[in-house]
Structure formats: C-alpha cells, structure tokens
Amino acid sequence: MVDLLGGRHLVTREGRAVEAEAALQNKVVALYFAAGRCAPSRDFTPLLCEFYAALVGEARRRRRPAPFEVVFVSSDGSVHEMLAFMRELHGDWLALPFHDPYRHELKKRYNITTIPKLVIVKHNGEVITNKGRKQIRERGLACFQDWVEVAEVFQNFSG
C-alpha cells in the first residue's frame with residue numbers, strides 16, 4: 001500500500017494514529033467512501049462490519065494477520081460527524097483523517113460520485129473492483145477469495 005497511502009497516517013475508531021504502510025502491508029484493502037448522514041451508508045455499514053469481523057476473526061483463529069483492511073474515506077460534513085459515525089456503526093477498521101486533503105484526491109482518483117462506495121484495491125492502488133458493496137451483498141465472504149487472487153497477496157490464504 002506504499003504507492004497509495006505510503007507516508008500517511010490513518011486513525012482508528014478510538015482516534016489512535018497508525019502508519020498506513022505498516023497497517024496495510026500484504027492486505028487486500030477496501031476504500032470505503034461513506035457518510036453518517038447518508039441512509040444507504042448507514043444501511044450498508046453493519047453488513048461491512050459483519051464481513052470484516054468474519055475475516056479478521058478467522059485470521060485470529062488461525063493465528064495469522066488479518067488479510068483484509070477497510071480504510072474509511074469520509075464524506076461527512078465535519079470531523080465531529082465523521083467520528084460519531086465511526087463510533088456508532090463502524091467496525092474496528094481505519095480511516096483517513098478528516099482534515100487530510102488526500103481524501104478529496106482519492107474521491108477524484110476513484111471517480112466517487114455517489115456514496116456509499118466500496119472500492120477494493122491492490123497495494124499500488126490499482127482497482128480490483130469498484131463494486132465491493134454489491135459483491136458483499138450478493139456473495140458474502142465468497143467474493144474475498146476472488147479479490148485475494150487478483151491482488152496477488154496471501155496466495156496461500158484459504159477460507
């Protein structure tokens with residue numbers, strides 16, 4: 001993920017800063033463009049939480065690093081709205097800080113015109129799919145293995 005978010009810090013739901021490069025190394029990354037005031041975002045976020053928890057839980061049971069990470073890219077109107085949405089509905093994933101102007105660049109790069117949007121990317125930022133939300137709704141955990149194969153990471157991951 002060096003190419004896309006290298007040198008940047010991300011934040012946890014609790015507000016702790018983490019280095020993007022370390023947190024996203026060897027993972028399939030989902031860029032989650034959403035906002036707390038958006039009803040479809042509020043509808044999809046719990047499903048994304050279940051998906052995320054299942055993947056992370058399976059990795060923990062196998063005593064392996066989680067093979068998947070979500071990075072929330074807020075479309076909220078303020079840092080307060082962003083943090084409230086994260087604390088209320090988000091999983092234990094990461095976010096680009098609200099005041100980081102790079103979130104606007106990501107929206108432009110991935111042509112985000114409506115939210116919510118879940119863009120699954122390779123470490124270099126290349127799109128695996130921009131239909132992550134639809135795929136999770138339709139296929140559940142089965143779509144993850146397809147993403148792993150395209151991402152060329154964790155080729156020995158099964159499950």
# chains A, B, ... in the order shown; residues from 1 in each chain; ligands from 1
>>> residues_around(residues="Thr114 of chain A", least_positions_apart="3", cutoff="12 Å", atoms="only C-alpha atoms", output="ChimeraX atom specification")
/A:32-35,38,40-41,75,107-108,110-111,117-118,130
>>> write_last_selection(atoms="N, CA and C atoms", output="compact mmCIF listing (two decimals), in the first residue's frame")
# COMPACT_ATOMS: atom_id res chain seq x y z
N TYR A 32 -13.51 2.67 1.75
CA TYR A 32 -14.94 2.82 2.00
C TYR A 32 -15.31 4.29 2.02
N PHE A 33 -15.94 4.73 0.95
CA PHE A 33 -16.39 6.12 0.81
C PHE A 33 -17.83 6.17 1.30
N ALA A 34 -18.07 6.90 2.39
CA ALA A 34 -19.39 6.90 3.00
C ALA A 34 -19.53 8.12 3.91
N ALA A 35 -20.76 8.30 4.44
CA ALA A 35 -21.03 9.38 5.39
C ALA A 35 -22.16 8.97 6.31
N CYS A 38 -25.84 9.74 5.40
CA CYS A 38 -26.33 9.06 4.19
C CYS A 38 -27.02 7.75 4.58
N PRO A 40 -28.14 5.15 2.80
CA PRO A 40 -27.54 3.92 2.26
C PRO A 40 -26.22 3.55 2.94
N SER A 41 -25.44 4.56 3.37
CA SER A 41 -24.21 4.26 4.11
C SER A 41 -24.55 3.61 5.45
N SER A 75 -17.12 11.27 3.79
CA SER A 75 -17.80 12.33 3.06
C SER A 75 -18.69 13.12 4.02
N LYS A 107 -11.19 10.54 -3.76
CA LYS A 107 -12.53 10.59 -4.35
C LYS A 107 -12.45 10.88 -5.84
N LYS A 108 -11.55 11.76 -6.21
CA LYS A 108 -11.37 12.10 -7.62
C LYS A 108 -10.74 10.93 -8.37
N TYR A 110 -10.78 7.78 -7.82
CA TYR A 110 -11.66 6.62 -7.98
C TYR A 110 -13.06 7.01 -8.47
N ASN A 111 -13.19 8.24 -8.93
CA ASN A 111 -14.43 8.73 -9.54
C ASN A 111 -15.65 8.47 -8.65
N LYS A 117 -19.66 3.79 -1.42
CA LYS A 117 -18.91 3.11 -2.47
C LYS A 117 -17.77 2.37 -1.80
N LEU A 118 -17.60 1.11 -2.14
CA LEU A 118 -16.53 0.29 -1.58
C LEU A 118 -15.64 -0.14 -2.74
N ASN A 130 -14.69 -1.90 -8.23
CA ASN A 130 -15.35 -0.75 -7.62
C ASN A 130 -16.77 -1.11 -7.23
>>> residues_around(residues="Leu106 of chain A", least_positions_apart="2", cutoff="10 Å", atoms="only C-alpha atoms", output="MDAnalysis selection string")
chainID A and resid 4:5 31 33 73 101:104 108:112 125
>>> closest_residue(among="A:His123, A:His99, A:Arg137, A:His9", to="Gly77 of chain A", atoms="only C-alpha atoms")
A:His99
>>> residues_around(residues="Ala39 of chain A", least_positions_apart="4", cutoff="12 Å", atoms="only C-alpha atoms", output="PyMOL selection string")
chain A and resi 34-35+43-45+85+115-116
>>> closest_residue(among="A:Glu88, A:Asp146, A:Asp76, A:Glu50", to="Arg13 of chain A", atoms="only C-alpha atoms")
A:Glu88
>>> residues_around(residues="Met86 of chain A", least_positions_apart="3", cutoff="12 Å", atoms="only C-alpha atoms", output="number ranges by chain")
A: 11-15, 32, 34-37, 41-42, 45-46, 49, 71-74, 76, 79-83, 89-98
>>> select_by_dssp(residues="segment 87-119 of chain A", states="strand (DSSP E)", output="PyMOL selection string")
chain A and resi 94-95+117-119
